[in-house]
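Listing of protein18.txt; format and content: compact mmCIF, C-alpha atoms.
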# COMPACT_ATOMS: atom_id res chain seq x y z
CA MET A 10 -118.40 -98.72 -90.53
CA ARG A 11 -120.80 -97.47 -87.85
CA LEU A 12 -123.64 -97.28 -90.39
CA TYR A 13 -122.84 -100.79 -91.62
CA LEU A 14 -122.90 -102.17 -88.05
CA THR A 15 -126.23 -100.48 -87.36
CA ILE A 16 -127.75 -101.91 -90.54
CA LYS A 17 -126.19 -105.32 -89.81
CA ARG A 18 -127.73 -105.41 -86.33
CA THR A 19 -131.12 -104.38 -87.74
CA PHE A 20 -130.97 -107.14 -90.34
CA ASP A 21 -129.85 -109.65 -87.70
CA PHE A 22 -132.80 -108.79 -85.47
CA VAL A 23 -135.44 -108.74 -88.20
CA LEU A 24 -134.22 -111.84 -90.05
CA SER A 25 -133.75 -113.93 -86.90
CA LEU A 26 -137.24 -112.97 -85.65
CA PHE A 27 -138.75 -113.83 -89.04
CA ALA A 28 -136.82 -117.12 -89.23
CA ILE A 29 -137.96 -118.16 -85.73
CA PHE A 30 -141.58 -117.50 -86.70
CA LEU A 31 -141.20 -119.32 -90.04
CA LEU A 32 -139.37 -122.32 -88.57
CA SER A 33 -141.46 -122.70 -85.42
CA PRO A 34 -143.28 -125.83 -86.71
CA PHE A 35 -139.88 -127.49 -87.28
CA PHE A 36 -138.76 -126.42 -83.81
CA LEU A 37 -141.79 -128.24 -82.41
CA VAL A 38 -141.12 -131.40 -84.44
CA PHE A 39 -137.43 -131.48 -83.47
CA THR A 40 -138.37 -130.94 -79.82
CA LEU A 41 -140.69 -133.96 -79.86
CA LEU A 42 -138.16 -136.16 -81.67
CA ILE A 43 -135.37 -135.25 -79.25
CA LYS A 44 -137.54 -135.96 -76.19
CA LEU A 45 -138.74 -139.27 -77.62
CA SER A 46 -135.30 -140.53 -78.68
CA SER A 47 -133.18 -139.90 -75.57
CA ARG A 48 -133.13 -138.70 -71.98
CA GLY A 49 -132.26 -135.10 -71.22
CA PRO A 50 -133.19 -131.54 -72.12
CA VAL A 51 -134.15 -130.43 -75.63
CA LEU A 52 -131.63 -127.60 -75.74
CA PHE A 53 -127.92 -127.82 -75.13
CA LYS A 54 -126.14 -124.81 -73.62
CA GLN A 55 -122.41 -124.34 -73.99
CA GLU A 56 -120.18 -121.53 -72.77
CA ARG A 57 -118.67 -119.61 -75.68
CA ILE A 58 -116.60 -116.48 -76.26
CA GLY A 59 -118.50 -113.49 -77.67
CA ARG A 60 -117.56 -109.99 -78.74
CA ASN A 61 -114.74 -108.51 -76.65
CA LYS A 62 -114.32 -111.96 -75.07
CA VAL A 63 -117.54 -111.70 -73.08
CA HIS A 64 -118.78 -115.19 -72.22
CA PHE A 65 -122.29 -116.27 -73.22
CA ASP A 66 -124.29 -119.50 -73.49
CA ILE A 67 -124.75 -120.65 -77.05
CA LEU A 68 -127.94 -122.62 -77.74
CA LYS A 69 -128.23 -125.78 -79.81
CA PHE A 70 -130.66 -128.63 -80.14
CA ARG A 71 -129.17 -131.42 -78.05
CA THR A 72 -127.75 -134.06 -80.40
CA MET A 73 -125.63 -136.04 -77.94
CA ARG A 74 -126.33 -138.18 -74.92
CA ILE A 75 -126.20 -136.45 -71.56
CA GLU A 76 -123.23 -138.64 -70.52
CA THR A 77 -121.01 -137.11 -73.25
CA PRO A 78 -117.73 -135.52 -71.98
CA LYS A 79 -118.29 -131.79 -71.47
CA ASN A 80 -116.49 -128.88 -73.18
CA THR A 81 -114.88 -131.07 -75.83
CA PRO A 82 -115.51 -130.37 -79.53
CA THR A 83 -117.14 -133.39 -81.15
CA HIS A 84 -114.32 -133.79 -83.68
CA LEU A 85 -111.87 -134.23 -80.79
CA LEU A 86 -113.78 -137.09 -79.17
CA ASP A 87 -112.68 -140.66 -79.68
CA ASN A 88 -115.44 -142.47 -81.55
CA PRO A 89 -117.96 -139.59 -81.36
CA GLU A 90 -120.66 -141.71 -83.03
CA GLN A 91 -121.23 -143.55 -79.74
CA TRP A 92 -122.42 -140.32 -78.10
CA ILE A 93 -124.68 -139.00 -80.88
CA THR A 94 -128.41 -139.69 -80.56
CA PRO A 95 -130.44 -141.15 -83.47
CA ILE A 96 -132.15 -137.83 -84.29
CA GLY A 97 -128.91 -136.02 -83.48
CA LYS A 98 -127.13 -137.57 -86.44
CA PHE A 99 -129.71 -136.13 -88.83
CA LEU A 100 -129.74 -132.71 -87.16
CA ARG A 101 -125.95 -132.45 -87.24
CA LYS A 102 -125.68 -133.61 -90.85
CA TYR A 103 -127.69 -130.60 -92.05
CA SER A 104 -126.62 -128.23 -89.23
CA LEU A 105 -130.21 -128.06 -87.98
CA ASP A 106 -128.94 -128.33 -84.41
CA GLU A 107 -127.63 -124.77 -84.81
CA LEU A 108 -131.09 -123.24 -85.38
CA PRO A 109 -131.70 -122.25 -81.71
CA GLN A 110 -128.82 -119.80 -82.14
CA LEU A 111 -131.39 -117.59 -83.84
CA PHE A 112 -132.38 -116.70 -80.26
CA ASN A 113 -128.73 -115.79 -79.53
CA ILE A 114 -128.84 -113.50 -82.58
CA LEU A 115 -132.14 -111.98 -81.49
CA LYS A 116 -130.65 -111.27 -78.05
CA GLY A 117 -127.53 -109.68 -79.55
CA ASP A 118 -124.95 -112.27 -78.45
CA MET A 119 -124.33 -113.25 -82.07
CA SER A 120 -124.77 -112.10 -85.65
CA ILE A 121 -125.94 -114.09 -88.65
CA VAL A 122 -122.46 -113.76 -90.17
CA GLY A 123 -119.19 -113.56 -88.26
CA PRO A 124 -116.41 -115.80 -86.91
CA ARG A 125 -117.83 -118.87 -85.18
CA PRO A 126 -117.67 -118.39 -81.38
CA ALA A 127 -114.82 -120.25 -79.71
CA LEU A 128 -115.30 -122.54 -76.74
CA TRP A 129 -114.16 -120.88 -73.52
CA ASN A 130 -111.26 -123.35 -73.28
CA GLN A 131 -109.97 -122.99 -76.87
CA PHE A 132 -107.20 -120.75 -75.58
CA ASP A 133 -104.97 -121.03 -78.65
CA LEU A 134 -107.80 -119.93 -80.96
CA ILE A 135 -108.83 -117.09 -78.64
CA GLU A 136 -105.26 -115.83 -78.30
CA LEU A 137 -104.60 -115.91 -82.03
CA ARG A 138 -107.85 -114.06 -82.75
CA ASP A 139 -106.85 -111.51 -80.12
CA GLN A 140 -103.66 -110.67 -82.03
CA TYR A 141 -105.64 -109.61 -85.09
CA GLY A 142 -108.68 -107.97 -83.49
CA VAL A 143 -111.10 -110.74 -84.46
CA ASN A 144 -112.52 -110.96 -80.92
CA CYS A 145 -113.78 -107.37 -81.25
CA ILE A 146 -116.67 -108.33 -83.56
CA LEU A 147 -119.80 -110.38 -82.92
CA PRO A 148 -119.44 -114.11 -83.59
CA GLY A 149 -121.75 -115.54 -86.21
CA LEU A 150 -124.10 -118.39 -86.97
CA THR A 151 -122.03 -118.81 -90.11
CA GLY A 152 -118.87 -117.18 -91.38
CA TRP A 153 -116.18 -117.06 -94.03
CA ALA A 154 -114.25 -119.91 -92.36
CA GLN A 155 -117.39 -122.11 -92.42
CA VAL A 156 -117.77 -121.46 -96.12
CA ASN A 157 -114.14 -122.46 -96.71
CA GLY A 158 -113.78 -125.65 -94.71
CA ARG A 159 -115.45 -125.57 -91.31
CA ASP A 160 -114.24 -128.47 -89.07
CA GLU A 161 -111.58 -129.46 -91.59
CA LEU A 162 -109.57 -126.25 -91.06
CA SER A 163 -106.56 -125.90 -88.81
CA ILE A 164 -106.76 -123.15 -86.19
CA GLU A 165 -104.25 -121.02 -88.11
CA LEU A 166 -106.18 -121.29 -91.37
CA LYS A 167 -109.48 -120.64 -89.60
CA VAL A 168 -108.09 -117.43 -88.10
CA ASN A 169 -106.74 -116.38 -91.51
CA TYR A 170 -110.29 -116.60 -92.88
CA ASP A 171 -111.57 -114.70 -89.82
CA ILE A 172 -109.04 -111.94 -90.52
CA GLU A 173 -110.12 -111.82 -94.16
CA TYR A 174 -113.74 -111.47 -93.06
CA LEU A 175 -112.78 -108.66 -90.68
CA GLU A 176 -111.01 -106.83 -93.50
CA ARG A 177 -113.82 -107.33 -96.02
CA MET A 178 -116.85 -106.79 -93.74
CA SER A 179 -119.80 -105.43 -95.73
CA LEU A 180 -123.43 -106.28 -96.37
CA LEU A 181 -122.53 -107.71 -99.78
CA PHE A 182 -119.86 -109.96 -98.26
CA ASP A 183 -122.31 -111.10 -95.56
CA ILE A 184 -124.83 -112.01 -98.26
CA THR A 185 -122.08 -113.91 -100.09
CA CYS A 186 -121.31 -115.91 -96.93
CA VAL A 187 -124.97 -116.77 -96.38
CA TYR A 188 -125.39 -117.79 -100.02
CA HIS A 189 -122.41 -120.18 -99.94
CA THR A 190 -123.40 -121.51 -96.51
CA PHE A 191 -126.78 -122.62 -97.85
CA PHE A 192 -125.18 -124.92 -100.44
CA LYS A 193 -122.47 -126.14 -98.06
CA VAL A 194 -125.15 -127.21 -95.58
CA LEU A 195 -127.19 -128.99 -98.26
CA ARG A 196 -124.09 -130.98 -99.23
CA SER A 197 -122.97 -131.48 -95.59
CA GLU A 198 -119.51 -130.28 -96.52
CA GLY A 199 -116.79 -129.66 -93.95
CA VAL A 200 -118.38 -131.63 -91.09
CA VAL A 201 -115.95 -133.90 -89.24
CA GLU A 202 -117.39 -136.19 -86.56
CA GLY A 203 -114.09 -137.69 -85.52
CA LYS A 204 -110.54 -136.63 -85.02
CA SER A 205 -109.26 -134.56 -87.93
CA LYS A 206 -106.91 -136.51 -90.13
Target format structure tokens, applied to this file:
Amino acid sequence: MRLYLTIKRTFDFVLSLFAIFLLSPFFLVFTLLIKLSSRGPVLFKQERIGRNKVHFDILKFRTMRIETPKNTPTHLLDNPEQWITPIGKFLRKYSLDELPQLFNILKGDMSIVGPRPALWNQFDLIELRDQYGVNCILPGLTGWAQVNGRDELSIELKVNYDIEYLERMSLLFDITCVYHTFFKVLRSEGVVEGKSK
């Protein structure tokens, strides 16, 4: 396991650095579009729970107006469309708003694959993950739960997928998660911009 974690961290660092370099022209375009379409900063910082429940600021391209209620998941907002900016709708549809998390990965706050980091106030999710040791691993840009439903999943089902990932952790399984994520993102599957039905 120690060897796997060392290799995983090396891959995380190298791949995130390469991806930042490769995607830098898109970063510039998105920055200009965000600044031109609404008031506020380009990046959105949000307090999340990392490995061993250490808090860190996750980075995203800002897709919502600065007046949006804080620390509330978008799918729990009433009529979330009213808060999303014009360019934000496009970025969210294809999960492009998540790209700045490559810097979180580079820093070591996150991994490419792992359970998605909980909001600091998602106490039920944090507690349930605690019971099964899920909080002891780095959160990820994508993960097994994202492949299997993302926003559509209940907390219990999401944690079940997190547990399965914890039990099956390997480079091959990480590659499998990344592979399936690519096609999920292209099809915009599992994204809920309103209250879950």
Applying 9 Å and all atoms listed in the file, which residues near A:Val51 remain after dropping the ones on its own chain fewer than 4 positions away? List them as a short mmCIF file (atom, residue, chain, number, x, y, z; two decimals) with C-alpha atoms, in the frame of the given file.
data_model
loop_
_atom_site.label_atom_id
_atom_site.label_comp_id
_atom_site.auth_asym_id
_atom_site.auth_seq_id
_atom_site.Cartn_x
_atom_site.Cartn_y
_atom_site.Cartn_z
CA PHE A 39 -137.43 -131.48 -83.47
CA THR A 40 -138.37 -130.94 -79.82
CA LEU A 41 -140.69 -133.96 -79.86
CA ILE A 43 -135.37 -135.25 -79.25
CA LYS A 44 -137.54 -135.96 -76.19
CA LYS A 69 -128.23 -125.78 -79.81
CA PHE A 70 -130.66 -128.63 -80.14
CA ARG A 71 -129.17 -131.42 -78.05
CA THR A 72 -127.75 -134.06 -80.40
#
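Proximity to A:Phe53 was assessed for A:Tyr174, A:Leu166, A:Tyr13, A:Asp106 counting all atoms listed in the file; the smallest distance is recorded for A:Asp106.
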Which is closest to A:Leu37 among A:Asp87, A:Pro109, A:Leu175, A:Asn144, if we use all atoms listed in the file?
->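 Closest to A:Leu37 of all the choices is A:Pro109.
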Do you know which residues are at most 8 Å from A:Ile114 counting only C-alpha atoms, after dropping those on the same chain fewer than 4 positions away, and could you put them as a list in words?
->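 Within the cut-off, the hits are Asp21, Phe22, Ser25, Gln110, Asp118, Met119, Ser120 and Ile121 of chain A.
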C-alpha atoms of the current selection, written as a PDB file, keeping the file's coordinate frame:
ATOM      1  CA  ASP A  21    -129.850-109.650 -87.700  1.00  0.00           C
ATOM      2  CA  PHE A  22    -132.800-108.790 -85.470  1.00  0.00           C
ATOM      3  CA  SER A  25    -133.750-113.930 -86.900  1.00  0.00           C
ATOM      4  CA  GLN A 110    -128.820-119.800 -82.140  1.00  0.00           C
ATOM      5  CA  ASP A 118    -124.950-112.270 -78.450  1.00  0.00           C
ATOM      6  CA  MET A 119    -124.330-113.250 -82.070  1.00  0.00           C
ATOM      7  CA  SER A 120    -124.770-112.100 -85.650  1.00  0.00           C
ATOM      8  CA  ILE A 121    -125.940-114.090 -88.650  1.00  0.00           C
TER       9      ILE A 121
END
Enter the distance from atom CA of A:Ile16 to atom CA of A:His64, in Å, rounded to one decimal.
->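 Going from atom CA of A:Ile16 over to atom CA of A:His64, I get 24.3 Å.
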Please identify all polymer residues lying at most 10 Å from the point (-110.1, -113.5, -91.3) (file coordinates), using only C-alpha atoms, and present the result as a list in words.
->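 Applying the cut-off with only C-alpha atoms, one gets Gly123, Pro124, Arg138, Tyr141, Gly142, Val143, Gly152, Trp153, Ala154, Leu166, Lys167, Val168, Asn169, Tyr170, Asp171, Ile172, Glu173, Tyr174, Leu175, Glu176, Arg177 and Met178 of chain A.
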For A:Glu56: contacts at 10 Å, all atoms listed in the file, fewer than 6 positions along chain excluded, given as a ChimeraX atom specification = /A:64-68,80,126-130
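When atom CA of A:Arg196 is paired with atom CA of A:Phe27, their separation reads 24.8 Å.
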In Å to one decimal, how far is atom CA of A:Gln155 from atom CA of A:Arg125?
-> 7.9 Å
With all atoms listed in the file as the basis for distance, which of A:Ser179, A:Ser47, A:Leu195, A:Ser163 is at the shortest distance from A:Pro95?
-> A:Ser47
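Minimum distance to A:Leu24 across A:Ile164, A:Leu180, A:Leu111, A:Leu147 (counting only C-alpha atoms) occurs at A:Leu111.
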Fill-in result for stretch 43-79 of chain A, N, CA and C atoms as a tab-separated table (two decimals), in the frame of the given file:
chain	number	residue	atom	x	y	z
A	43	ILE	N	-136.48	-135.20	-80.21
A	43	ILE	CA	-135.37	-135.25	-79.25
A	43	ILE	C	-135.84	-135.86	-77.93
A	44	LYS	N	-137.01	-135.44	-77.45
A	44	LYS	CA	-137.54	-135.96	-76.19
A	44	LYS	C	-137.87	-137.44	-76.29
A	45	LEU	N	-138.35	-137.87	-77.45
A	45	LEU	CA	-138.74	-139.27	-77.62
A	45	LEU	C	-137.55	-140.20	-77.83
A	46	SER	N	-136.43	-139.67	-78.31
A	46	SER	CA	-135.30	-140.53	-78.68
A	46	SER	C	-134.22	-140.67	-77.61
A	47	SER	N	-134.22	-139.79	-76.60
A	47	SER	CA	-133.18	-139.90	-75.57
A	47	SER	C	-133.54	-139.10	-74.33
A	48	ARG	N	-132.91	-139.45	-73.22
A	48	ARG	CA	-133.13	-138.70	-71.98
A	48	ARG	C	-132.41	-137.36	-72.03
A	49	GLY	N	-132.95	-136.37	-71.32
A	49	GLY	CA	-132.26	-135.10	-71.22
A	49	GLY	C	-133.05	-133.93	-71.79
A	50	PRO	N	-132.51	-132.74	-71.64
A	50	PRO	CA	-133.19	-131.54	-72.12
A	50	PRO	C	-133.20	-131.45	-73.64
A	51	VAL	N	-134.08	-130.63	-74.18
A	51	VAL	CA	-134.15	-130.43	-75.63
A	51	VAL	C	-132.98	-129.57	-76.11
A	52	LEU	N	-132.70	-128.52	-75.36
A	52	LEU	CA	-131.63	-127.60	-75.74
A	52	LEU	C	-130.34	-127.91	-75.00
A	53	PHE	N	-129.25	-127.65	-75.68
A	53	PHE	CA	-127.92	-127.82	-75.13
A	53	PHE	C	-127.28	-126.44	-75.03
A	54	LYS	N	-126.82	-126.09	-73.83
A	54	LYS	CA	-126.14	-124.81	-73.62
A	54	LYS	C	-124.65	-125.05	-73.45
A	55	GLN	N	-123.86	-124.19	-74.08
A	55	GLN	CA	-122.41	-124.34	-73.99
A	55	GLN	C	-121.77	-122.96	-73.89
A	56	GLU	N	-120.83	-122.82	-72.98
A	56	GLU	CA	-120.18	-121.53	-72.77
A	56	GLU	C	-119.25	-121.21	-73.94
A	57	ARG	N	-119.46	-120.05	-74.53
A	57	ARG	CA	-118.67	-119.61	-75.68
A	57	ARG	C	-118.14	-118.19	-75.46
A	58	ILE	N	-117.21	-117.80	-76.33
A	58	ILE	CA	-116.60	-116.48	-76.26
A	58	ILE	C	-117.28	-115.56	-77.29
A	59	GLY	N	-117.82	-114.44	-76.80
A	59	GLY	CA	-118.50	-113.49	-77.67
A	59	GLY	C	-117.63	-112.29	-77.98
A	60	ARG	N	-118.28	-111.22	-78.40
A	60	ARG	CA	-117.56	-109.99	-78.74
A	60	ARG	C	-116.83	-109.45	-77.50
A	61	ASN	N	-115.60	-109.02	-77.73
A	61	ASN	CA	-114.74	-108.51	-76.65
A	61	ASN	C	-114.51	-109.55	-75.56
A	62	LYS	N	-114.59	-110.81	-75.94
A	62	LYS	CA	-114.32	-111.96	-75.07
A	62	LYS	C	-115.29	-112.07	-73.89
A	63	VAL	N	-116.48	-111.53	-74.07
A	63	VAL	CA	-117.54	-111.70	-73.08
A	63	VAL	C	-118.13	-113.10	-73.24
A	64	HIS	N	-118.26	-113.83	-72.16
A	64	HIS	CA	-118.78	-115.19	-72.22
A	64	HIS	C	-120.30	-115.17	-72.35
A	65	PHE	N	-120.84	-116.12	-73.11
A	65	PHE	CA	-122.29	-116.27	-73.22
A	65	PHE	C	-122.60	-117.74	-73.47
A	66	ASP	N	-123.85	-118.12	-73.25
A	66	ASP	CA	-124.29	-119.50	-73.49
A	66	ASP	C	-124.88	-119.61	-74.87
A	67	ILE	N	-124.22	-120.41	-75.71
A	67	ILE	CA	-124.75	-120.65	-77.05
A	67	ILE	C	-125.82	-121.74	-76.94
A	68	LEU	N	-126.85	-121.65	-77.77
A	68	LEU	CA	-127.94	-122.62	-77.74
A	68	LEU	C	-127.89	-123.53	-78.97
A	69	LYS	N	-128.11	-124.81	-78.73
A	69	LYS	CA	-128.23	-125.78	-79.81
A	69	LYS	C	-129.30	-126.79	-79.43
A	70	PHE	N	-129.86	-127.45	-80.44
A	70	PHE	CA	-130.66	-128.63	-80.14
A	70	PHE	C	-129.69	-129.70	-79.65
A	71	ARG	N	-130.05	-130.39	-78.58
A	71	ARG	CA	-129.17	-131.42	-78.05
A	71	ARG	C	-129.12	-132.60	-79.02
A	72	THR	N	-127.94	-132.96	-79.45
A	72	THR	CA	-127.75	-134.06	-80.40
A	72	THR	C	-126.93	-135.20	-79.80
A	73	MET	N	-126.48	-135.03	-78.56
A	73	MET	CA	-125.63	-136.04	-77.94
A	73	MET	C	-126.23	-136.48	-76.62
A	74	ARG	N	-125.83	-137.65	-76.19
A	74	ARG	CA	-126.33	-138.18	-74.92
A	74	ARG	C	-125.81	-137.34	-73.76
A	75	ILE	N	-126.55	-137.31	-72.68
A	75	ILE	CA	-126.20	-136.45	-71.56
A	75	ILE	C	-124.92	-136.91	-70.86
A	76	GLU	N	-124.46	-138.13	-71.14
A	76	GLU	CA	-123.23	-138.64	-70.52
A	76	GLU	C	-121.97	-138.21	-71.29
A	77	THR	N	-122.14	-137.51	-72.41
A	77	THR	CA	-121.01	-137.11	-73.25
A	77	THR	C	-120.04	-136.21	-72.48
A	78	PRO	N	-118.71	-136.41	-72.64
A	78	PRO	CA	-117.73	-135.52	-71.98
A	78	PRO	C	-118.01	-134.06	-72.32
A	79	LYS	N	-117.95	-133.19	-71.31
A	79	LYS	CA	-118.29	-131.79	-71.47
A	79	LYS	C	-117.11	-130.98	-72.04
